[in-house]
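Chemist: This one is coords-v4.txt, compact mmCIF, C-alpha atoms and all ligand atoms.
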```txt
# COMPACT_ATOMS: atom_id res chain seq x y z
CA MET C 1 69.79 78.37 89.94
CA THR C 2 71.50 81.74 89.56
CA GLU C 3 72.34 82.88 86.10
CA MET C 4 75.88 84.24 86.02
CA SER C 5 76.65 87.15 83.74
CA PHE C 6 79.90 89.03 83.46
CA LYS C 7 80.35 92.07 81.25
CA GLN C 8 83.58 93.69 82.43
CA ILE C 9 86.51 91.52 83.43
CA LEU C 10 89.58 92.89 85.20
CA LEU C 11 92.86 91.04 84.70
CA PRO C 12 95.62 92.48 86.91
CA ILE C 13 99.09 91.46 85.79
CA ASP C 14 102.66 92.17 86.79
CA LEU C 15 104.56 92.66 83.53
CA GLY C 16 107.79 91.52 85.17
CA HIS C 17 106.34 88.16 86.23
CA PRO C 18 104.94 85.92 83.46
CA SER C 19 103.44 83.58 86.06
CA SER C 20 100.96 86.38 86.86
CA TRP C 21 99.32 85.77 83.45
CA LYS C 22 100.51 82.39 82.04
CA ARG C 23 97.45 80.57 83.36
CA ALA C 24 95.25 83.55 84.25
CA LEU C 25 95.16 85.03 80.73
CA PRO C 26 93.70 81.91 79.03
CA VAL C 27 91.05 81.75 81.76
CA ALA C 28 90.21 85.46 81.32
CA LEU C 29 89.98 84.99 77.53
CA ASP C 30 87.65 82.01 77.90
CA MET C 31 85.44 83.94 80.32
CA ALA C 32 85.38 86.98 78.01
CA ARG C 33 84.30 84.80 75.08
CA ALA C 34 81.77 82.81 77.09
CA TYR C 35 80.04 85.91 78.45
CA GLY C 36 80.74 88.35 75.63
CA ALA C 37 82.61 90.44 78.17
CA HIS C 38 85.09 93.26 77.75
CA LEU C 39 88.59 92.68 79.11
CA ASN C 40 90.42 95.31 81.17
CA VAL C 41 94.10 94.61 81.71
CA LEU C 42 95.70 96.48 84.60
CA THR C 43 99.28 96.76 85.72
CA VAL C 44 100.28 98.64 88.86
CA LEU C 45 103.60 100.38 89.29
CA PRO C 46 104.28 100.42 93.00
CA ASP C 47 104.82 104.00 94.21
CA MET C 48 107.89 105.27 96.03
CA GLY C 49 106.25 104.99 99.42
CA MET C 50 107.80 107.31 101.97
CA PRO C 51 108.21 110.93 100.83
CA VAL C 52 111.79 110.90 102.16
CA VAL C 53 112.63 108.18 99.63
CA GLY C 54 110.49 109.77 96.92
CA SER C 55 112.40 113.05 97.21
CA PHE C 56 115.54 111.43 95.77
CA PHE C 57 113.78 111.10 92.45
CA PRO C 58 113.19 113.91 89.95
CA ALA C 59 109.77 115.55 90.02
CA ASP C 60 108.64 113.96 86.76
CA PHE C 61 109.77 110.47 87.81
CA GLU C 62 106.24 109.17 88.20
CA LYS C 63 105.12 110.61 84.87
CA LYS C 64 108.07 108.97 83.09
CA ALA C 65 107.52 105.65 84.85
CA ARG C 66 103.85 105.74 83.90
CA GLU C 67 104.73 106.41 80.23
CA LYS C 68 107.18 103.48 80.20
CA GLY C 69 104.55 101.30 81.85
CA GLU C 70 101.98 102.25 79.23
CA GLU C 71 104.40 101.42 76.41
CA ALA C 72 105.27 98.06 77.95
CA LEU C 73 101.63 97.20 78.57
CA SER C 74 100.52 98.05 75.05
CA ALA C 75 103.38 95.89 73.68
CA TRP C 76 102.18 93.09 75.96
CA LEU C 77 98.63 93.41 74.63
CA LYS C 78 99.84 93.26 71.01
CA GLU C 79 101.79 90.12 71.75
CA ASN C 80 99.33 88.29 73.94
CA LEU C 81 95.79 89.27 73.03
CA PRO C 82 93.98 87.57 70.15
CA ASP C 83 92.07 89.82 67.71
CA ASP C 84 88.61 88.63 68.67
CA ILE C 85 88.95 90.02 72.21
CA GLU C 86 87.92 93.58 72.99
CA ALA C 87 90.31 94.95 75.55
CA ASP C 88 91.61 98.11 77.20
CA ALA C 89 94.82 98.57 79.10
CA TYR C 90 95.39 100.60 82.26
CA VAL C 91 98.46 101.58 84.23
CA ALA C 92 98.05 102.67 87.84
CA VAL C 93 100.63 103.88 90.33
CA GLY C 94 100.29 103.10 94.01
CA THR C 95 99.76 100.20 96.38
CA ILE C 96 99.08 97.12 94.29
CA TYR C 97 95.99 95.69 96.00
CA ASP C 98 94.44 99.15 96.59
CA GLU C 99 94.85 100.04 92.94
CA ILE C 100 93.37 96.71 91.76
CA ILE C 101 90.30 97.21 93.94
CA ALA C 102 89.93 100.88 92.95
CA ALA C 103 90.22 100.04 89.24
CA ALA C 104 87.64 97.25 89.53
CA ASP C 105 85.18 99.74 91.06
CA LYS C 106 85.99 102.64 88.75
CA LEU C 107 85.78 100.55 85.58
CA GLY C 108 82.54 98.91 86.68
CA CYS C 109 84.06 95.43 86.61
CA ASP C 110 81.94 92.49 87.73
CA LEU C 111 84.71 89.87 87.70
CA ILE C 112 88.39 89.91 88.61
CA VAL C 113 90.55 87.10 87.21
CA MET C 114 93.98 86.85 88.83
CA ALA C 115 96.76 84.38 89.44
CA SER C 116 97.38 83.29 93.02
CA HIS C 117 101.09 84.23 92.82
CA ARG C 118 103.52 86.13 90.68
CA SER C 119 106.52 84.17 91.69
CA ASP C 120 107.23 80.48 92.09
CA MET C 121 107.32 80.80 95.85
CA LYS C 122 104.80 78.25 96.97
CA ASP C 123 105.23 78.60 100.74
CA TYR C 124 101.68 79.82 101.03
CA LEU C 125 98.66 79.25 98.83
CA LEU C 126 97.73 82.81 98.09
CA GLY C 127 100.03 85.78 97.56
CA PRO C 128 99.51 88.93 99.63
CA ASN C 129 97.91 90.99 96.86
CA ALA C 130 95.62 88.18 95.75
CA ALA C 131 94.58 87.59 99.37
CA ARG C 132 93.69 91.22 99.92
CA VAL C 133 91.74 91.49 96.67
CA VAL C 134 89.76 88.33 97.51
CA ARG C 135 88.98 89.77 100.94
CA HIS C 136 88.13 93.33 100.08
CA ALA C 137 86.83 93.45 96.51
CA THR C 138 83.04 93.50 96.18
CA GLN C 139 83.26 91.72 92.81
CA ASP C 140 83.53 88.00 92.18
CA VAL C 141 87.18 86.94 92.07
CA PHE C 142 88.44 83.96 90.07
CA VAL C 143 91.81 82.96 91.52
CA VAL C 144 93.84 80.89 89.07
CA ARG C 145 96.49 78.72 90.71
CA SER C 146 99.87 79.71 89.35
P1 LIG Z 201 103.27 86.97 95.23
O1 LIG Z 201 103.80 88.13 96.05
O2 LIG Z 201 103.37 85.63 95.90
O3 LIG Z 201 103.80 86.93 93.86
P2 LIG Z 201 100.79 88.48 94.75
O4 LIG Z 201 99.60 88.40 95.62
O5 LIG Z 201 101.58 89.74 94.70
O6 LIG Z 201 101.68 87.20 95.10
O7 LIG Z 201 100.37 88.16 93.23
C1 LIG Z 201 99.13 87.63 92.94
C2 LIG Z 201 98.48 88.42 91.84
O8 LIG Z 201 98.41 89.81 92.20
C3 LIG Z 201 99.19 88.45 90.49
O9 LIG Z 201 98.97 87.26 89.76
C4 LIG Z 201 98.49 89.63 89.84
O10 LIG Z 201 97.18 89.30 89.42
C5 LIG Z 201 98.39 90.58 91.02
N1 LIG Z 201 99.53 91.50 91.01
C6 LIG Z 201 100.71 91.37 91.66
N2 LIG Z 201 101.52 92.40 91.36
C7 LIG Z 201 100.85 93.19 90.48
C8 LIG Z 201 101.13 94.43 89.79
N3 LIG Z 201 102.29 95.07 89.93
N4 LIG Z 201 100.18 94.94 88.97
C9 LIG Z 201 98.99 94.32 88.82
N5 LIG Z 201 98.67 93.17 89.44
C10 LIG Z 201 99.57 92.62 90.26
```
Take the structure in the file and write it out as structure tokens.

Modeler:
Amino acid sequence: MTEMSFKQILLPIDLGHPSSWKRALPVALDMARAYGAHLNVLTVLPDMGMPVVGSFFPADFEKKAREKGEEALSAWLKENLPDDIEADAYVAVGTIYDEIIAAADKLGCDLIVMASHRSDMKDYLLGPNAARVVRHATQDVFVVRS
């Protein structure tokens, strides 16, 4: 029998979509307590994409967006995280699934806990970001049905 051990959990959430954490957060908290793991909460602000579109925005647009994201995420942590959980919060800007995978590697995570969908669209079983993370991340991924 393999002995499982997780020390760094990554919980990627979309602050605009409560279904991305409603069921995933309690699972991540249980796992953190069970394994004595540290929780890393990540939210990704999608970037502007094409430079031609990006050029319509002021030069410090990304910096401002990142600051707003950090404020919103720290408010979320205050509201949703119990005191017994050790956690850090991270804001990334870019392509959602790429940033989730990069953060998991950079932070030395050994488990990613994520909801299968952000929205209530149930046409398919796994959302596009969840599918890509499951496929490409080298870590174990716990997909919580949302
Ligand atoms: P859908 O498009 O059907 O909502 P996704 O694959 O985008 O499905 O969402 C699944 C999961 O991907 C979410 O529960 C969350 O864990 C992660 N995710 C989606 N958007 C973001 C985001 N902006 N920042 C961090 N994680 C995200």

Chemist: Out of C:Val134, C:Leu126, C:Leu45, C:Ala72, which residue has the shortest atom-to-atom distance to C:Ser146 when counting only C-alpha atoms?

Modeler: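 The answer is C:Leu126, which sits nearest to C:Ser146.
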
Chemist: Go through C:Glu67, C:Asp105, C:Asp98, C:Asp110 and flag the residue nearest C:Met31, using all atoms listed in the file for the distances.

Modeler: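 With all atoms listed in the file as the atom set, the closest residue is C:Asp110.
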
Chemist: Give me the chain C side of the contact with ligand LIG 201 (chain Z), cut-off 7 Å, one line per residue showing its nearest atom pair and distance in Å at one decimal, counting all atoms listed in the file, sorted by chain and residue number, as a tab-separated table.

Modeler:
```
residue	atom	partner	partner_atom	distance
C:Leu11	CA	Z:LIG201	O10	6.6
C:Pro12	CA	Z:LIG201	N5	4.0
C:Ile13	CA	Z:LIG201	N5	4.1
C:Asp14	CA	Z:LIG201	C8	4.1
C:Ser19	CA	Z:LIG201	O9	6.9
C:Ser20	CA	Z:LIG201	O9	3.6
C:Trp21	CA	Z:LIG201	O9	6.5
C:Leu42	CA	Z:LIG201	C9	5.8
C:Thr43	CA	Z:LIG201	N4	3.8
C:Val44	CA	Z:LIG201	N4	3.7
C:Leu45	CA	Z:LIG201	N3	5.5
C:Pro46	CA	Z:LIG201	N3	6.5
C:Ile96	CA	Z:LIG201	C8	5.6
C:Ile100	CA	Z:LIG201	C9	6.8
C:Met114	CA	Z:LIG201	O10	4.1
C:Ala115	CA	Z:LIG201	O9	3.6
C:Ser116	CA	Z:LIG201	C1	4.7
C:His117	CA	Z:LIG201	O6	3.8
C:Arg118	CA	Z:LIG201	O3	3.3
C:Ser119	CA	Z:LIG201	O3	4.4
C:Met121	CA	Z:LIG201	O2	6.2
C:Leu126	CA	Z:LIG201	O4	6.4
C:Gly127	CA	Z:LIG201	O6	3.3
C:Pro128	CA	Z:LIG201	O4	4.0
C:Asn129	CA	Z:LIG201	O4	3.3
C:Ala130	CA	Z:LIG201	O4	4.0
C:Ala131	CA	Z:LIG201	O4	6.3
```

Chemist: Can I get the selected residues back with C-alpha atoms, as an mmCIF file, in the coordinates of the input?

Modeler:
```cif
data_model
loop_
_atom_site.group_PDB
_atom_site.id
_atom_site.type_symbol
_atom_site.label_atom_id
_atom_site.label_comp_id
_atom_site.auth_asym_id
_atom_site.auth_seq_id
_atom_site.Cartn_x
_atom_site.Cartn_y
_atom_site.Cartn_z
ATOM 1 C CA LEU C 11 92.860 91.040 84.700
ATOM 2 C CA PRO C 12 95.620 92.480 86.910
ATOM 3 C CA ILE C 13 99.090 91.460 85.790
ATOM 4 C CA ASP C 14 102.660 92.170 86.790
ATOM 5 C CA SER C 19 103.440 83.580 86.060
ATOM 6 C CA SER C 20 100.960 86.380 86.860
ATOM 7 C CA TRP C 21 99.320 85.770 83.450
ATOM 8 C CA LEU C 42 95.700 96.480 84.600
ATOM 9 C CA THR C 43 99.280 96.760 85.720
ATOM 10 C CA VAL C 44 100.280 98.640 88.860
ATOM 11 C CA LEU C 45 103.600 100.380 89.290
ATOM 12 C CA PRO C 46 104.280 100.420 93.000
ATOM 13 C CA ILE C 96 99.080 97.120 94.290
ATOM 14 C CA ILE C 100 93.370 96.710 91.760
ATOM 15 C CA MET C 114 93.980 86.850 88.830
ATOM 16 C CA ALA C 115 96.760 84.380 89.440
ATOM 17 C CA SER C 116 97.380 83.290 93.020
ATOM 18 C CA HIS C 117 101.090 84.230 92.820
ATOM 19 C CA ARG C 118 103.520 86.130 90.680
ATOM 20 C CA SER C 119 106.520 84.170 91.690
ATOM 21 C CA MET C 121 107.320 80.800 95.850
ATOM 22 C CA LEU C 126 97.730 82.810 98.090
ATOM 23 C CA GLY C 127 100.030 85.780 97.560
ATOM 24 C CA PRO C 128 99.510 88.930 99.630
ATOM 25 C CA ASN C 129 97.910 90.990 96.860
ATOM 26 C CA ALA C 130 95.620 88.180 95.750
ATOM 27 C CA ALA C 131 94.580 87.590 99.370
#
```

Chemist: For each of C:Arg132, C:Val41, C:Thr138, C:Val93, take the minimum atom-to-atom distance to C:Ser74, counting all atoms listed in the file, then give the residue where this is smallest.

Modeler: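 Of the candidates, the smallest distance to C:Ser74 is held by C:Val41.
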
Chemist: Ranking C:Ala104, C:Arg145, C:Gln8, C:Lys22 by minimum distance to C:Gly36 and counting only C-alpha atoms, which one comes first?

Modeler: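 The shortest atom-to-atom distance to C:Gly36 comes from C:Gln8.
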
Chemist: For the atom pair atom CA of C:Val141 and atom CA of C:Asp83, what is the interatomic distance in Å to one decimal place?

Modeler: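 Computed distance, atom CA of C:Val141 to atom CA of C:Asp83, equals 25.0 Å.
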
Chemist: What is the atom CA of C:His38-atom CA of C:His136 distance in Å, reported with one decimal?

Modeler: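 That distance, rounded to one decimal, is 22.5 Å.
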
Chemist: Counting all atoms listed in the file, which of C:Leu10, C:Leu15, C:Val144, C:Ala32 gets nearest to C:Ala75?

Modeler: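 Of the candidates, the smallest distance to C:Ala75 is held by C:Leu15.
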
Chemist: Please compute the atom CA of C:Val143-atom CA of C:Asp120 distance, one decimal, in Å.

Modeler: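 Value for the atom CA of C:Val143-atom CA of C:Asp120 distance: 15.6 Å.
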
Chemist: For C:Gly94, which residue among C:Lys78, C:Arg23, C:Lys106, C:Arg66 is the nearest when counting all atoms listed in the file?

Modeler: C:Arg66

Chemist: Can you rebuild stretch 58-91 of chain C with N, CA and C atoms and give it as a short mmCIF file (atom, residue, chain, number, x, y, z; two decimals), in the frame of the given file?

Modeler:
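Produced file result33.cif, reproduced below:
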```
data_model
loop_
_atom_site.label_atom_id
_atom_site.label_comp_id
_atom_site.auth_asym_id
_atom_site.auth_seq_id
_atom_site.Cartn_x
_atom_site.Cartn_y
_atom_site.Cartn_z
N PRO C 58 113.62 112.65 90.58
CA PRO C 58 113.19 113.91 89.95
C PRO C 58 111.67 114.03 89.97
N ALA C 59 111.20 115.27 89.88
CA ALA C 59 109.77 115.55 90.02
C ALA C 59 108.92 114.80 88.99
N ASP C 60 109.47 114.61 87.79
CA ASP C 60 108.64 113.96 86.76
C ASP C 60 108.87 112.44 86.71
N PHE C 61 109.47 111.91 87.78
CA PHE C 61 109.77 110.47 87.81
C PHE C 61 108.52 109.62 87.59
N GLU C 62 107.46 109.97 88.30
CA GLU C 62 106.24 109.17 88.20
C GLU C 62 105.63 109.23 86.79
N LYS C 63 105.67 110.42 86.21
CA LYS C 63 105.12 110.61 84.87
C LYS C 63 105.89 109.74 83.87
N LYS C 64 107.22 109.76 83.99
CA LYS C 64 108.07 108.97 83.09
C LYS C 64 107.82 107.47 83.29
N ALA C 65 107.74 107.07 84.55
CA ALA C 65 107.52 105.65 84.85
C ALA C 65 106.17 105.20 84.28
N ARG C 66 105.17 106.06 84.41
CA ARG C 66 103.85 105.74 83.90
C ARG C 66 103.89 105.59 82.36
N GLU C 67 104.61 106.49 81.69
CA GLU C 67 104.73 106.41 80.23
C GLU C 67 105.40 105.10 79.80
N LYS C 68 106.48 104.74 80.50
CA LYS C 68 107.18 103.48 80.20
C LYS C 68 106.25 102.30 80.44
N GLY C 69 105.50 102.36 81.52
CA GLY C 69 104.55 101.30 81.85
C GLY C 69 103.50 101.15 80.77
N GLU C 70 103.00 102.29 80.27
CA GLU C 70 101.98 102.25 79.23
C GLU C 70 102.52 101.64 77.94
N GLU C 71 103.77 102.00 77.61
CA GLU C 71 104.40 101.42 76.41
C GLU C 71 104.53 99.90 76.56
N ALA C 72 105.04 99.49 77.72
CA ALA C 72 105.27 98.06 77.95
C ALA C 72 103.95 97.29 77.94
N LEU C 73 102.93 97.89 78.52
CA LEU C 73 101.63 97.20 78.57
C LEU C 73 101.00 97.12 77.18
N SER C 74 101.13 98.15 76.39
CA SER C 74 100.52 98.05 75.05
C SER C 74 101.30 97.05 74.19
N ALA C 75 102.61 96.93 74.38
CA ALA C 75 103.38 95.89 73.68
C ALA C 75 102.92 94.50 74.12
N TRP C 76 102.66 94.38 75.42
CA TRP C 76 102.18 93.09 75.96
C TRP C 76 100.84 92.71 75.33
N LEU C 77 99.95 93.69 75.22
CA LEU C 77 98.63 93.41 74.63
C LEU C 77 98.77 92.95 73.18
N LYS C 78 99.62 93.63 72.42
CA LYS C 78 99.84 93.26 71.01
C LYS C 78 100.31 91.83 70.90
N GLU C 79 101.19 91.45 71.82
CA GLU C 79 101.79 90.12 71.75
C GLU C 79 100.87 89.02 72.27
N ASN C 80 100.05 89.35 73.24
CA ASN C 80 99.33 88.29 73.94
C ASN C 80 97.83 88.21 73.72
N LEU C 81 97.25 89.30 73.17
CA LEU C 81 95.79 89.27 73.03
C LEU C 81 95.35 88.93 71.62
N PRO C 82 94.50 87.91 71.47
CA PRO C 82 93.98 87.57 70.15
C PRO C 82 93.02 88.67 69.65
N ASP C 83 92.85 88.74 68.33
CA ASP C 83 92.07 89.82 67.71
C ASP C 83 90.59 89.83 68.07
N ASP C 84 90.06 88.66 68.41
CA ASP C 84 88.61 88.63 68.67
C ASP C 84 88.24 89.16 70.06
N ILE C 85 89.23 89.55 70.85
CA ILE C 85 88.95 90.02 72.21
C ILE C 85 89.01 91.54 72.26
N GLU C 86 87.95 92.13 72.80
CA GLU C 86 87.92 93.58 72.99
C GLU C 86 88.56 93.90 74.32
N ALA C 87 89.61 94.71 74.29
CA ALA C 87 90.31 94.95 75.55
C ALA C 87 90.82 96.38 75.67
N ASP C 88 90.96 96.84 76.89
CA ASP C 88 91.61 98.11 77.20
C ASP C 88 92.70 97.85 78.21
N ALA C 89 93.69 98.74 78.20
CA ALA C 89 94.82 98.57 79.10
C ALA C 89 94.93 99.77 80.03
N TYR C 90 95.28 99.52 81.28
CA TYR C 90 95.39 100.60 82.26
C TYR C 90 96.65 100.44 83.09
N VAL C 91 97.31 101.57 83.33
CA VAL C 91 98.46 101.58 84.23
C VAL C 91 98.08 102.43 85.44
#
```
